[in-house]
$ cat structure-v2.cif   # mmCIF, C-alpha atoms
data_final
loop_
_atom_site.label_atom_id
_atom_site.label_comp_id
_atom_site.auth_asym_id
_atom_site.auth_seq_id
_atom_site.Cartn_x
_atom_site.Cartn_y
_atom_site.Cartn_z
CA MET A 1 -21.50 27.34 76.40
CA SER A 2 -18.94 28.08 73.79
CA THR A 3 -17.55 24.55 74.14
CA PHE A 4 -20.99 23.04 73.57
CA LYS A 5 -21.53 25.17 70.47
CA HIS A 6 -18.15 24.13 69.08
CA ASN A 7 -18.91 20.43 69.64
CA LYS A 8 -22.28 20.76 67.94
CA GLN A 9 -20.74 22.40 64.90
CA PHE A 10 -18.06 19.70 64.81
CA GLY A 11 -20.69 16.99 65.04
CA GLU A 12 -22.75 18.46 62.15
CA ALA A 13 -19.69 18.74 59.94
CA GLY A 14 -18.70 15.13 60.67
CA ASP A 15 -22.20 13.79 59.89
CA SER A 16 -22.27 15.74 56.61
CA GLY A 17 -18.83 14.35 55.51
CA CYS A 18 -19.80 10.75 56.28
CA GLY A 19 -23.04 11.21 54.39
CA THR A 20 -21.29 12.51 51.29
CA VAL A 21 -18.77 9.66 51.24
CA LEU A 22 -21.55 7.14 51.78
CA THR A 23 -23.58 8.67 48.94
CA ALA A 24 -20.54 8.60 46.63
CA LEU A 25 -19.86 4.96 47.48
CA LEU A 26 -23.49 4.07 46.83
CA VAL A 27 -23.45 5.85 43.46
CA ILE A 28 -20.20 4.11 42.45
CA ALA A 29 -21.62 0.77 43.52
CA ALA A 30 -24.77 1.49 41.50
CA VAL A 31 -22.76 2.47 38.39
CA VAL A 32 -20.52 -0.57 38.62
CA GLY A 33 -23.58 -2.76 39.17
CA CYS A 34 -25.29 -1.24 36.14
CA ALA A 35 -22.11 -1.67 34.10
CA PHE A 36 -21.86 -5.36 34.93
CA GLY A 37 -25.58 -5.80 34.33
CA VAL A 38 -25.43 -4.19 30.89
CA ARG A 39 -22.26 -6.09 30.06
CA ARG A 40 -23.87 -9.42 30.97
CA CYS A 41 -26.92 -8.56 28.85
CA ASN A 42 -24.62 -7.45 26.01
CA SER A 43 -22.79 -10.75 26.01
CA GLU A 44 -26.08 -12.53 25.34
CA LYS A 45 -27.78 -9.98 23.12
CA LYS A 46 -26.40 -6.60 22.09
CA ILE A 47 -28.43 -4.01 23.91
CA LEU A 48 -25.98 -1.16 23.88
CA ASP A 49 -22.73 -1.06 21.95
CA VAL A 50 -20.43 1.89 21.33
CA GLU A 51 -17.35 1.64 19.15
CA ILE A 52 -15.18 3.76 16.96
CA VAL A 53 -15.35 2.45 13.40
CA HIS A 54 -12.45 3.03 11.05
CA PRO A 55 -13.22 1.48 7.65
CA LYS A 56 -10.06 0.34 5.88
CA GLY A 57 -11.63 -0.65 2.58
CA ILE A 58 -11.09 1.15 -0.68
CA ASP A 59 -13.81 3.07 -2.49
CA LEU A 60 -15.57 1.71 -5.57
CA THR A 61 -13.87 3.02 -8.69
CA PRO A 62 -14.06 1.85 -12.30
CA VAL A 63 -11.54 -0.39 -14.03
CA GLN A 64 -10.26 0.96 -17.29
CA ILE A 65 -8.89 -1.34 -20.01
CA ARG A 66 -5.92 0.42 -21.58
CA SER A 67 -5.10 -2.23 -24.20
CA VAL A 68 -6.03 -5.71 -25.35
CA GLU A 69 -3.55 -7.77 -27.30
CA ASN A 70 -3.50 -11.30 -28.68
CA ILE A 71 -0.14 -12.79 -27.91
CA GLY A 72 1.62 -16.11 -28.39
CA GLU A 73 4.07 -16.41 -25.52
CA TRP A 74 4.97 -19.94 -24.52
CA GLU A 75 6.35 -20.15 -21.01
CA PHE A 76 8.58 -23.06 -19.99
CA LEU A 77 10.14 -21.91 -16.74
CA THR A 78 8.63 -19.77 -14.00
CA ILE A 79 10.80 -18.29 -11.28
CA SER A 80 9.12 -16.61 -8.30
CA ASP A 81 11.50 -14.30 -6.53
CA GLU A 82 11.52 -11.67 -3.83
CA GLU A 83 14.07 -9.00 -3.14
CA LEU A 84 14.72 -6.90 -0.08
CA VAL A 85 15.54 -3.34 -1.05
CA ASP A 86 16.36 -0.57 1.39
CA THR A 87 17.26 3.07 1.15
CA THR A 88 18.61 5.50 3.75
CA ARG A 89 18.50 9.27 3.95
CA ARG A 90 21.26 10.74 6.12
CA ARG A 91 20.34 13.49 8.57
CA VAL A 92 22.69 15.95 10.21
CA LEU A 93 20.60 15.99 13.38
CA GLY A 94 18.62 13.05 14.68
CA ARG A 95 18.22 9.54 13.33
CA ASP A 96 18.52 8.69 9.66
CA ASP A 97 15.38 7.96 7.66
CA ARG A 98 15.05 4.42 6.35
CA LEU A 99 12.67 2.60 4.06
CA VAL A 100 12.86 -1.16 3.61
CA ARG A 101 10.54 -2.93 1.18
CA ILE A 102 10.26 -6.55 0.08
CA TYR A 103 9.37 -6.80 -3.60
CA ARG A 104 7.87 -9.87 -5.22
CA GLY A 105 8.05 -10.85 -8.81
CA THR A 106 7.52 -13.78 -11.15
CA LEU A 107 9.92 -14.08 -14.05
CA ARG A 108 8.71 -16.12 -16.98
CA LEU A 109 11.15 -17.66 -19.42
CA GLY A 110 9.97 -19.00 -22.75
CA ILE A 111 9.58 -18.28 -26.44
CA ASP A 112 7.56 -15.59 -28.17
CA LEU A 113 5.87 -17.25 -31.14
CA GLY A 114 5.08 -13.78 -32.48
CA LYS A 115 8.79 -13.47 -33.24
CA ALA A 116 9.00 -16.82 -35.07
CA ARG A 117 10.20 -16.69 -38.66
CA GLU A 118 7.83 -17.50 -41.50
CA GLY A 119 7.68 -21.24 -42.16
CA TRP A 120 9.05 -22.03 -38.70
CA ALA A 121 7.16 -25.35 -38.61
CA SER A 122 7.24 -27.93 -41.37
CA ALA A 123 6.27 -31.59 -41.57
CA HIS A 124 7.56 -34.46 -43.69
CA GLY A 125 5.92 -37.81 -43.07
CA ASP A 126 6.10 -38.53 -39.36
CA THR A 127 8.80 -35.91 -38.78
CA VAL A 128 8.21 -32.30 -37.82
CA THR A 129 10.94 -29.65 -37.91
CA LEU A 130 10.61 -26.50 -35.79
CA GLN A 131 12.77 -23.39 -35.96
CA LEU A 132 11.90 -21.52 -32.78
CA PRO A 133 12.80 -18.04 -31.50
CA PRO A 134 15.32 -17.99 -28.66
CA VAL A 135 14.27 -18.65 -25.09
CA ARG A 136 14.26 -15.36 -23.18
CA LEU A 137 12.52 -13.40 -20.46
CA LEU A 138 9.00 -13.01 -21.83
CA SER A 139 8.15 -9.70 -20.18
CA GLU A 140 10.16 -6.96 -18.51
CA ARG A 141 7.22 -6.17 -16.26
CA PHE A 142 7.42 -8.98 -13.75
CA ILE A 143 7.11 -7.25 -10.37
CA ASP A 144 3.76 -7.48 -8.62
CA GLU A 145 4.02 -4.27 -6.63
CA ALA A 146 0.64 -4.93 -5.05
CA ARG A 147 2.31 -7.78 -3.20
CA THR A 148 5.15 -5.63 -1.95
CA ARG A 149 5.61 -5.62 1.77
CA SER A 150 6.66 -2.50 3.57
CA PHE A 151 9.07 -3.96 6.12
CA PHE A 152 10.30 -0.79 7.84
CA GLU A 153 9.63 2.90 7.36
CA SER A 154 10.90 5.96 9.17
CA GLY A 155 10.59 9.46 7.78
CA THR A 156 8.66 10.54 4.72
CA TRP A 157 9.53 9.17 1.30
CA ASP A 158 8.63 10.71 -2.03
CA ALA A 159 7.63 9.06 -5.31
CA ARG A 160 11.13 9.33 -6.77
CA ALA A 161 12.65 7.27 -3.96
CA LYS A 162 10.01 4.55 -4.32
CA ASP A 163 10.44 4.43 -8.11
CA GLN A 164 14.19 4.06 -7.68
CA MET A 165 13.65 1.18 -5.25
CA TYR A 166 11.26 -0.50 -7.70
CA TYR A 167 13.80 -0.37 -10.53
CA LYS A 168 16.57 -1.53 -8.22
CA ALA A 169 14.45 -4.55 -7.21
CA ALA A 170 13.76 -5.29 -10.89
CA ARG A 171 17.50 -5.19 -11.67
CA GLN A 172 18.28 -7.49 -8.74
CA MET A 173 15.59 -9.99 -9.74
CA ARG A 174 16.71 -10.06 -13.33
CA HIS A 175 20.32 -10.50 -12.29
CA ARG A 176 19.46 -13.35 -9.93
CA CYS A 177 16.92 -15.21 -12.08
CA VAL A 178 17.85 -14.69 -15.73
CA THR A 179 21.12 -16.54 -15.97
CA PRO A 180 22.66 -18.84 -18.60
CA ALA A 181 21.72 -21.76 -16.33
CA THR A 182 18.03 -20.85 -16.07
CA LEU A 183 17.83 -20.07 -19.80
CA MET A 184 19.36 -23.47 -20.53
CA GLN A 185 16.92 -25.13 -18.15
CA ALA A 186 14.00 -23.38 -19.89
CA GLU A 187 15.30 -24.47 -23.28
CA GLU A 188 15.57 -28.09 -22.14
CA ASN A 189 12.05 -27.96 -20.80
CA ALA A 190 10.85 -26.40 -24.05
CA ARG A 191 12.31 -29.31 -26.03
CA ALA A 192 10.66 -31.86 -23.74
CA GLU A 193 7.24 -30.19 -23.68
CA ILE A 194 7.08 -29.37 -27.40
CA THR A 195 8.21 -32.89 -28.31
CA ALA A 196 5.49 -34.34 -26.07
CA LEU A 197 2.88 -32.03 -27.61
CA PHE A 198 3.75 -32.86 -31.21
CA ARG A 199 3.77 -36.56 -30.42
CA THR A 200 0.13 -36.22 -29.45
CA PHE A 201 -0.41 -34.85 -32.97
CA GLY A 202 1.02 -38.09 -34.36
CA PHE A 203 4.62 -37.12 -35.14
CA ASN A 204 7.22 -39.63 -34.03
CA THR A 205 10.24 -37.44 -34.66
CA VAL A 206 10.38 -33.80 -33.54
CA GLU A 207 13.41 -31.76 -34.56
CA ILE A 208 13.76 -28.48 -32.70
CA GLU A 209 16.24 -25.71 -33.26
CA PHE A 210 16.38 -22.36 -31.48
CA ASP A 211 17.47 -19.10 -33.05
CA LYS A 212 20.47 -17.42 -31.44
CA LEU A 213 19.86 -14.43 -29.19
CA MET B 275 -16.65 23.56 44.80
CA ARG B 276 -16.35 20.16 46.46
CA ILE B 277 -19.76 19.15 45.11
CA LYS B 278 -18.69 20.11 41.59
CA SER B 279 -15.48 18.11 41.94
CA LEU B 280 -17.42 15.11 43.24
CA PHE B 281 -19.88 15.43 40.36
CA ASN B 282 -17.01 15.44 37.83
CA SER B 283 -15.51 12.34 39.42
CA LEU B 284 -18.85 10.57 39.30
CA ALA B 285 -19.35 11.54 35.67
CA PHE B 286 -15.95 10.08 34.84
CA VAL B 287 -16.69 6.86 36.71
CA LEU B 288 -20.06 6.65 34.93
CA ALA B 289 -18.48 7.10 31.51
CA VAL B 290 -15.79 4.51 32.18
CA GLY B 291 -18.38 2.11 33.54
CA LEU B 292 -20.61 2.47 30.50
CA LEU B 293 -17.76 1.99 28.07
CA THR B 294 -16.64 -1.07 30.03
CA ALA B 295 -20.17 -2.39 29.86
CA CYS B 296 -20.42 -1.80 26.15
CA GLY B 297 -17.29 -3.76 25.52
CA LYS B 298 -14.42 -1.54 24.49
CA ILE B 299 -13.62 1.25 22.12
CA THR B 300 -12.48 -0.68 19.11
CA SER B 301 -10.76 0.38 16.00
CA HIS B 302 -11.17 -1.74 12.87
CA GLN B 303 -7.54 -1.07 12.15
CA GLU B 304 -6.57 -3.75 14.65
CA GLU B 305 -9.02 -6.34 13.42
CA VAL B 306 -7.84 -8.83 10.85
CA PRO B 307 -10.57 -10.07 8.52
CA VAL B 308 -10.66 -13.81 8.02
CA ASP B 309 -9.66 -13.73 4.35
CA GLU B 310 -6.63 -11.55 5.09
CA ALA B 311 -5.57 -13.90 7.85
CA VAL B 312 -5.73 -16.79 5.39
CA GLU B 313 -3.74 -14.77 2.91
CA ALA B 314 -1.05 -14.10 5.51
CA VAL B 315 -0.57 -17.85 5.85
CA ALA B 316 -0.30 -18.19 2.08
CA ASP B 317 2.26 -15.37 2.03
CA SER B 318 4.57 -17.24 4.37
CA ILE B 319 4.54 -20.14 1.92
CA ASP B 320 5.32 -17.81 -0.95
CA LEU B 321 8.50 -16.65 0.76
CA VAL B 322 10.31 -19.60 -0.79
CA LEU B 323 11.92 -18.77 -4.11
CA THR B 324 10.46 -21.28 -6.50
CA VAL B 325 11.51 -22.49 -9.92
CA ALA B 326 8.78 -24.40 -11.72
CA ARG B 327 8.76 -26.16 -15.06
CA THR B 328 5.68 -25.12 -17.00
CA SER B 329 4.13 -25.29 -20.42
CA ARG B 330 1.77 -22.36 -20.60
CA LEU B 331 0.73 -20.67 -23.78
CA TYR B 332 -0.24 -17.07 -23.05
CA THR B 333 -2.74 -15.99 -25.65
CA ALA B 334 -4.21 -12.67 -24.45
CA GLU B 335 -2.82 -9.71 -22.58
CA TYR B 336 -4.85 -6.96 -20.93
CA GLN B 337 -3.38 -3.72 -19.63
CA VAL B 338 -5.74 -2.47 -16.95
CA HIS B 339 -5.69 0.85 -15.11
CA LYS B 340 -7.46 1.70 -11.89
CA ILE B 341 -7.36 4.63 -9.51
CA VAL B 342 -7.58 3.17 -6.04
CA THR B 343 -9.08 5.66 -3.60
CA HIS B 344 -9.54 5.56 0.13
CA SER B 345 -11.24 8.05 2.43
CA ASP B 346 -9.98 7.73 5.98
CA VAL B 347 -12.97 8.80 8.05
CA LYS B 348 -13.78 7.67 11.59
CA PHE B 349 -17.29 7.04 12.87
CA LEU B 350 -18.72 6.60 16.34
CA ARG B 351 -21.06 3.63 15.96
CA THR B 352 -23.75 3.34 18.59
CA THR B 353 -25.92 0.25 18.64
CA LEU B 354 -28.95 0.38 20.89
CA LEU B 355 -31.45 -2.48 20.86
CA GLY B 356 -30.47 -3.47 17.34
CA HIS B 357 -30.58 0.03 15.90
CA THR B 358 -27.26 1.38 14.64
CA LEU B 359 -26.34 5.03 14.39
CA ASP B 360 -23.08 6.14 12.79
CA THR B 361 -21.83 9.59 13.75
CA ARG B 362 -18.94 10.97 11.77
CA LEU B 363 -16.13 12.09 14.05
CA SER B 364 -14.42 15.36 13.21
CA LEU B 365 -10.93 14.15 14.06
CA GLY B 366 -9.41 15.23 10.77
CA ASP B 367 -9.87 13.40 7.47
CA ARG B 368 -7.36 11.82 5.16
CA LYS B 369 -7.82 10.89 1.54
CA ILE B 370 -5.59 9.13 -0.95
CA ALA B 371 -5.76 8.27 -4.65
CA ILE B 372 -3.31 5.69 -6.00
CA PRO B 373 -3.26 5.00 -9.76
CA ILE B 374 -2.19 1.42 -10.53
CA ASP B 375 -1.42 -0.38 -13.76
CA VAL B 376 -2.02 -4.12 -13.84
CA THR B 377 -1.17 -6.64 -16.54
CA LEU B 378 -3.52 -9.60 -16.83
CA LYS B 379 -2.72 -12.52 -19.08
CA ALA B 380 -4.89 -15.45 -20.12
CA TYR B 381 -3.12 -18.71 -20.69
CA ILE B 382 -3.69 -22.35 -21.58
CA ASP B 383 -1.73 -24.92 -19.65
CA PHE B 384 -0.46 -27.60 -22.03
CA SER B 385 1.33 -29.61 -19.35
CA GLY B 386 -1.67 -31.93 -19.03
CA PHE B 387 -2.53 -32.02 -22.72
CA SER B 388 -3.13 -35.51 -24.09
CA GLU B 389 -4.17 -37.35 -27.23
CA SER B 390 -7.71 -37.65 -25.92
CA GLN B 391 -8.14 -33.93 -26.61
CA ILE B 392 -7.50 -34.38 -30.34
CA GLU B 393 -10.08 -35.79 -32.72
CA ARG B 394 -9.37 -36.55 -36.35
CA SER B 395 -11.77 -37.41 -39.14
CA GLU B 396 -11.57 -40.92 -40.57
CA ASP B 397 -9.78 -39.75 -43.72
CA GLY B 398 -7.35 -37.74 -41.57
CA THR B 399 -8.01 -34.41 -43.29
CA LYS B 400 -9.94 -32.71 -40.49
CA ILE B 401 -8.76 -32.08 -36.94
CA HIS B 402 -10.59 -30.87 -33.82
CA ILE B 403 -8.56 -29.78 -30.81
CA THR B 404 -10.21 -29.28 -27.41
CA LEU B 405 -8.07 -26.90 -25.42
CA PRO B 406 -7.46 -27.15 -21.68
CA ASP B 407 -9.51 -24.66 -19.64
CA PRO B 408 -8.10 -21.14 -19.74
CA LYS B 409 -6.78 -19.34 -16.69
CA VAL B 410 -6.07 -15.71 -15.93
CA VAL B 411 -3.07 -14.47 -14.00
CA VAL B 412 -1.82 -11.09 -12.84
CA THR B 413 1.67 -10.99 -14.28
CA SER B 414 2.58 -7.55 -12.98
CA SER B 415 1.27 -4.56 -11.10
CA LYS B 416 2.84 -1.12 -10.80
CA ILE B 417 1.94 1.83 -8.64
CA ASP B 418 2.20 5.20 -10.35
CA HIS B 419 3.97 6.84 -7.42
CA GLN B 420 4.43 10.14 -9.26
CA SER B 421 0.67 10.55 -9.73
CA THR B 422 -0.33 9.36 -6.27
CA LYS B 423 -2.10 12.14 -4.37
CA GLN B 424 -2.91 12.34 -0.71
CA TYR B 425 -4.68 14.97 1.34
CA THR B 426 -4.35 14.99 5.12
CA ASP B 427 -5.65 17.33 7.77
CA ILE B 428 -3.11 19.12 9.89
CA LEU B 429 -3.95 16.90 12.87
CA ARG B 430 -3.30 13.67 10.97
CA SER B 431 -0.15 11.98 9.78
CA ASP B 432 0.52 11.01 6.16
CA PHE B 433 -0.43 7.57 4.91
CA THR B 434 2.33 5.09 5.62
CA ASP B 435 3.94 2.94 2.97
CA GLU B 436 2.31 -0.10 4.56
CA GLU B 437 -1.16 1.44 4.28
CA MET B 438 -0.55 2.37 0.65
CA THR B 439 0.57 -1.15 -0.30
CA ASP B 440 -2.49 -2.54 1.47
CA PHE B 441 -4.81 -0.30 -0.59
CA THR B 442 -2.98 -1.33 -3.76
CA ALA B 443 -3.46 -5.02 -2.93
CA GLN B 444 -7.16 -4.35 -2.40
CA GLY B 445 -7.24 -2.60 -5.77
CA VAL B 446 -5.77 -5.63 -7.55
CA ARG B 447 -8.29 -7.89 -5.81
CA ALA B 448 -11.07 -5.58 -7.03
CA ILE B 449 -9.71 -5.82 -10.59
CA LEU B 450 -9.67 -9.62 -10.37
CA LYS B 451 -13.34 -9.55 -9.43
CA THR B 452 -14.11 -7.75 -12.69
CA VAL B 453 -12.35 -10.38 -14.83
CA PRO B 454 -15.65 -11.91 -16.01
CA GLN B 455 -16.75 -8.54 -17.39
CA LEU B 456 -13.48 -7.82 -19.18
CA GLY B 457 -14.11 -10.30 -22.01
CA ILE B 458 -10.73 -11.89 -21.51
CA LEU B 459 -12.12 -15.39 -22.12
CA GLU B 460 -13.11 -14.60 -25.67
CA SER B 461 -9.75 -12.93 -26.23
CA ALA B 462 -8.01 -16.02 -24.87
CA ARG B 463 -9.89 -18.24 -27.30
CA GLN B 464 -9.18 -15.94 -30.27
CA GLY B 465 -5.52 -15.70 -29.31
CA ALA B 466 -5.23 -19.47 -29.02
CA ALA B 467 -6.82 -19.91 -32.45
CA GLN B 468 -4.50 -17.29 -33.98
CA THR B 469 -1.46 -19.09 -32.61
CA LEU B 470 -2.45 -22.71 -33.10
CA ILE B 471 -4.29 -22.70 -36.45
CA PRO B 472 -1.29 -21.48 -38.52
CA LEU B 473 0.90 -23.97 -36.65
CA ILE B 474 -1.39 -26.92 -37.39
CA ALA B 475 -1.89 -25.70 -40.97
CA SER B 476 1.87 -25.85 -41.49
CA LEU B 477 1.68 -29.53 -40.55
CA GLY B 478 -0.44 -30.28 -43.62
CA TYR B 479 -4.04 -29.42 -42.66
CA ALA B 480 -6.16 -26.89 -44.55
CA GLU B 481 -7.07 -23.98 -42.25
CA SER B 482 -10.78 -24.59 -42.92
CA ASP B 483 -10.40 -28.14 -41.61
CA ILE B 484 -9.00 -27.09 -38.23
CA VAL B 485 -11.33 -26.49 -35.30
CA VAL B 486 -9.98 -25.18 -31.99
CA THR B 487 -12.47 -25.00 -29.12
CA PHE B 488 -12.63 -24.94 -25.37
CA ARG B 489 -14.19 -27.81 -23.42
CA LYS B 490 -17.40 -25.80 -23.08
CA GLN B 491 -18.83 -22.35 -23.55
CA PHE B 492 -17.81 -20.54 -20.37
CA THR B 493 -20.19 -18.12 -18.76
CA VAL B 494 -20.00 -15.88 -15.73
CA SER B 495 -21.48 -18.63 -13.59
CA ASP B 496 -18.46 -20.80 -14.42
CA LEU B 497 -16.11 -18.34 -12.82
CA PRO B 498 -15.76 -19.38 -9.21
CA GLN B 499 -12.61 -17.27 -8.93
CA ILE B 500 -10.74 -19.79 -6.87
CA ILE B 501 -7.67 -18.19 -5.45
CA ASP B 502 -4.90 -20.75 -5.35
CA ASN B 503 -1.65 -20.73 -3.41
CA GLU B 504 -0.59 -18.41 -6.16
CA ARG B 505 -2.82 -15.56 -5.09
CA SER B 506 -3.20 -13.89 -8.42
CA VAL B 507 -4.41 -16.90 -10.38
CA VAL B 508 -8.08 -17.09 -11.25
CA LYS B 509 -9.19 -20.48 -12.53
CA PHE B 510 -12.11 -20.92 -14.88
#

$ encode --input "structure-v2.cif" --output "structure tokens"
Amino acid sequence: MSTFKHNKQFGEAGDSGCGTVLTALLVIAAVVGCAFGVRRCNSEKKILDVEIVHPKGIDLTPVQIRSVENIGEWEFLTISDEELVDTTRRRVLGRDDRLVRIYRGTLRLGIDLGKAREGWASAHGDTVTLQLPPVRLLSERFIDEARTRSFFESGTWDARAKDQMYYKAARQMRHRCVTPATLMQAEENARAEITALFRTFGFNTVEIEFDKL
Amino acid sequence: MRIKSLFNSLAFVLAVGLLTACGKITSHQEEVPVDEAVEAVADSIDLVLTVARTSRLYTAEYQVHKIVTHSDVKFLRTTLLGHTLDTRLSLGDRKIAIPIDVTLKAYIDFSGFSESQIERSEDGTKIHITLPDPKVVVTSSKIDHQSTKQYTDILRSDFTDEEMTDFTAQGVRAILKTVPQLGILESARQGAAQTLIPLIASLGYAESDIVVTFRKQFTVSDLPQIIDNERSVVKF
């Protein structure tokens, strides 16, 4: 009697376990089926779509004009340069902090007509004589920091460190690009271009002299 | 207890299944917009140090200031049958304000200047010069690092240098879009006249007999803002 009762209990427990597993399998199959169904529908027409959106755009803010100036800078040589600048902060414990940036700049060599002496151009018959200011770097602000690439960064860096890197890049660019050779090249180009321009005005002879730096 | 555990497992499977069905949880951070992808190609060309012979007369300079701001907020976007619902996620916000100073210059390229652009009166006393079309270029941009402010929740990390340079680049692009409203064209024309008229007068012409004009009167509709290989150049 007791054996029969034990077997009956065992049989009920076994039936219940099989039923639960079967139900779970059916539910999983139904969910997976639904998932594939919705996915197939989504590929044709978006029925349900869930995503985390992380806008990376900047906000709308006004542009303020700080100054407007009429200038007369004549550029004869353009040098586009980029400089890799890095800085390291030593740590007693752990790895050192490093920041590596690639700066880009365009250095423009030419003459500033605003600095030309009075009566710098004169004409006699078909000859024009020009006394021009020296060829030099037209602007000290030549780095386009918006085009800087952050190549590597570890640790946190303050404004002072980034400013120092900016000025270091500017020094390196100036040293590399503003040389006697490039200034000479710009001067030669200036002679050729100005001569061609004044010939279009009808002058056969163009005499050009540059002031000394 | 077992039923509760089974229910939790089913709920997890259901959630995973639904997310799989809906595609995937995406973050826009990983997506590269088409224009940025194009720009990346242009950047690789720019890596070459170039020396170019030019003949550009810069006639106007604008110093422009802009505070570039970005609010780093995440949303859960649910699209159901064409209806979109954005729910702001409280994962911790970040905000940054980057002041930038940009120098814009307008120039006239004389490298293609020819005799056909000069007209003289029959007696040779009057002269009319048609200038090449003006262009605008960003000659420099500088981030004011000292005045840059950022606010981050305790759960979030600071903005990286890469993110900050990306926002700055977007800021410069936004400035370039406002070029038509800045009045730089008129300044370019005035600057050209101020430079060229005294020069031509010194060659024997009376100032009243000198006319310096552009090919046409440029309007906003003439500003297609073509971005060349040189990213910062806007042609008119």

$ closest_atom_pairs --input "structure-v2.cif" --of "chain A" --to "chain B" --cutoff "6 Å" --atoms "only C-alpha atoms" --output "CSV"
residue,atom,partner,partner_atom,distance
A:Ala35,CA,B:Ala295,CA,4.7
A:Val38,CA,B:Ala295,CA,5.7
A:Arg39,CA,B:Ala295,CA,4.3
A:Ile47,CA,B:Leu355,CA,4.6
A:Leu48,CA,B:Leu354,CA,4.5
A:Asp49,CA,B:Thr353,CA,4.8
A:Val50,CA,B:Thr352,CA,4.5
A:Glu51,CA,B:Ile299,CA,4.8
A:Ile52,CA,B:Leu350,CA,4.6
A:Val53,CA,B:Phe349,CA,5.0
A:His54,CA,B:Lys348,CA,4.9
A:Ile58,CA,B:His344,CA,4.7
A:Asp59,CA,B:Thr343,CA,5.5
A:Val63,CA,B:Lys340,CA,5.1
A:Gln64,CA,B:His339,CA,5.1
A:Ile65,CA,B:Val338,CA,4.5
A:Arg66,CA,B:Gln337,CA,5.2
A:Ser67,CA,B:Gln337,CA,5.1
A:Val68,CA,B:Tyr336,CA,4.7
A:Glu69,CA,B:Glu335,CA,5.2
A:Asn70,CA,B:Ala334,CA,4.5
A:Ile71,CA,B:Thr333,CA,4.7
A:Gly72,CA,B:Thr333,CA,5.2
A:Glu73,CA,B:Tyr332,CA,5.0
A:Trp74,CA,B:Leu331,CA,4.4
A:Glu75,CA,B:Arg330,CA,5.1
A:Phe76,CA,B:Thr328,CA,4.6
A:Leu77,CA,B:Arg327,CA,4.8
A:Thr78,CA,B:Ala326,CA,5.2
A:Ile79,CA,B:Val325,CA,4.5
A:Ser80,CA,B:Thr324,CA,5.2
A:Asp81,CA,B:Leu323,CA,5.1
A:Ser122,CA,B:Ser476,CA,5.8
A:Ala123,CA,B:Leu477,CA,5.1
A:Arg141,CA,B:Ser414,CA,5.8
A:Phe142,CA,B:Ser414,CA,5.1
A:Ile143,CA,B:Ser414,CA,5.2
A:Asp144,CA,B:Ser414,CA,4.5
A:Glu145,CA,B:Ser415,CA,5.3
A:Ala146,CA,B:Ala443,CA,4.6
A:Ser150,CA,B:Glu436,CA,5.1
A:Ala159,CA,B:His419,CA,4.8
A:Thr200,CA,B:Glu389,CA,5.0

$ residues_around --input "structure-v2.cif" --residues "segment 182-186 of chain A" --least-positions-apart "2" --cutoff "12 Å" --atoms "only C-alpha atoms" --output "VMD selection string"
(chain A and resid 74 to 79 107 to 111 134 to 138 174 to 180 188 to 194 210 213) or (chain B and resid 325 to 329)

$ atom_distance --input "structure-v2.cif" --atom1 "atom CA of Phe203 of chain A" --atom2 "atom CA of Thr404 of chain B"
18.5 Å

$ atom_distance --input "structure-v2.cif" --atom1 "atom CA of Asp86 of chain A" --atom2 "atom CA of Ile372 of chain B"
21.9 Å

$ closest_residue --input "structure-v2.cif" --among "A:Met165, A:Leu60, A:Leu130, A:Ala29" --to "Arg101 of chain A" --atoms "all atoms listed in the file"
A:Met165

$ atom_distance --input "structure-v2.cif" --atom1 "atom CA of Ser154 of chain A" --atom2 "atom CA of Gly366 of chain B"
22.4 Å

$ closest_residue --input "structure-v2.cif" --among "A:Ser139, A:Thr195, A:Thr127, A:Thr88" --to "Phe152 of chain A" --atoms "all atoms listed in the file"
A:Thr88

$ resolve_selection --input "structure-v2.cif" --expression "the PyMOL selection byres ((chain B and resi 485) around 7)" --output "compact mmCIF listing (two decimals) with C-alpha atoms, in the frame of the given file"
# COMPACT_ATOMS: atom_id res chain seq x y z
CA ILE B 401 -8.76 -32.08 -36.94
CA HIS B 402 -10.59 -30.87 -33.82
CA ILE B 403 -8.56 -29.78 -30.81
CA ASP B 483 -10.40 -28.14 -41.61
CA ILE B 484 -9.00 -27.09 -38.23
CA VAL B 486 -9.98 -25.18 -31.99
CA THR B 487 -12.47 -25.00 -29.12

$ closest_residue --input "structure-v2.cif" --among "A:Thr20, A:Gln131, A:Thr106, A:Thr87" --to "Glu207 of chain A" --atoms "all atoms listed in the file"
A:Gln131

$ decode --input "structure-v2.cif" --residues "segment 112-126 of chain A" --atoms "C-alpha atoms" --output "mmCIF file, in the first residue's frame"
data_model
loop_
_atom_site.group_PDB
_atom_site.id
_atom_site.type_symbol
_atom_site.label_atom_id
_atom_site.label_comp_id
_atom_site.auth_asym_id
_atom_site.auth_seq_id
_atom_site.Cartn_x
_atom_site.Cartn_y
_atom_site.Cartn_z
ATOM 1 C CA ASP A 112 51.093 94.001 -46.635
ATOM 2 C CA LEU A 113 50.177 96.918 -48.889
ATOM 3 C CA GLY A 114 48.966 98.772 -45.798
ATOM 4 C CA LYS A 115 52.627 99.108 -44.840
ATOM 5 C CA ALA A 116 53.712 100.461 -48.243
ATOM 6 C CA ARG A 117 55.366 103.869 -48.244
ATOM 7 C CA GLU A 118 53.619 106.846 -49.789
ATOM 8 C CA GLY A 119 54.250 107.052 -53.526
ATOM 9 C CA TRP A 120 55.227 103.378 -53.683
ATOM 10 C CA ALA A 121 53.983 103.101 -57.283
ATOM 11 C CA SER A 122 54.927 105.481 -60.064
ATOM 12 C CA ALA A 123 54.673 105.330 -63.847
ATOM 13 C CA HIS A 124 56.754 106.904 -66.600
ATOM 14 C CA GLY A 125 55.685 106.070 -70.126
ATOM 15 C CA ASP A 126 55.460 102.303 -70.416
#
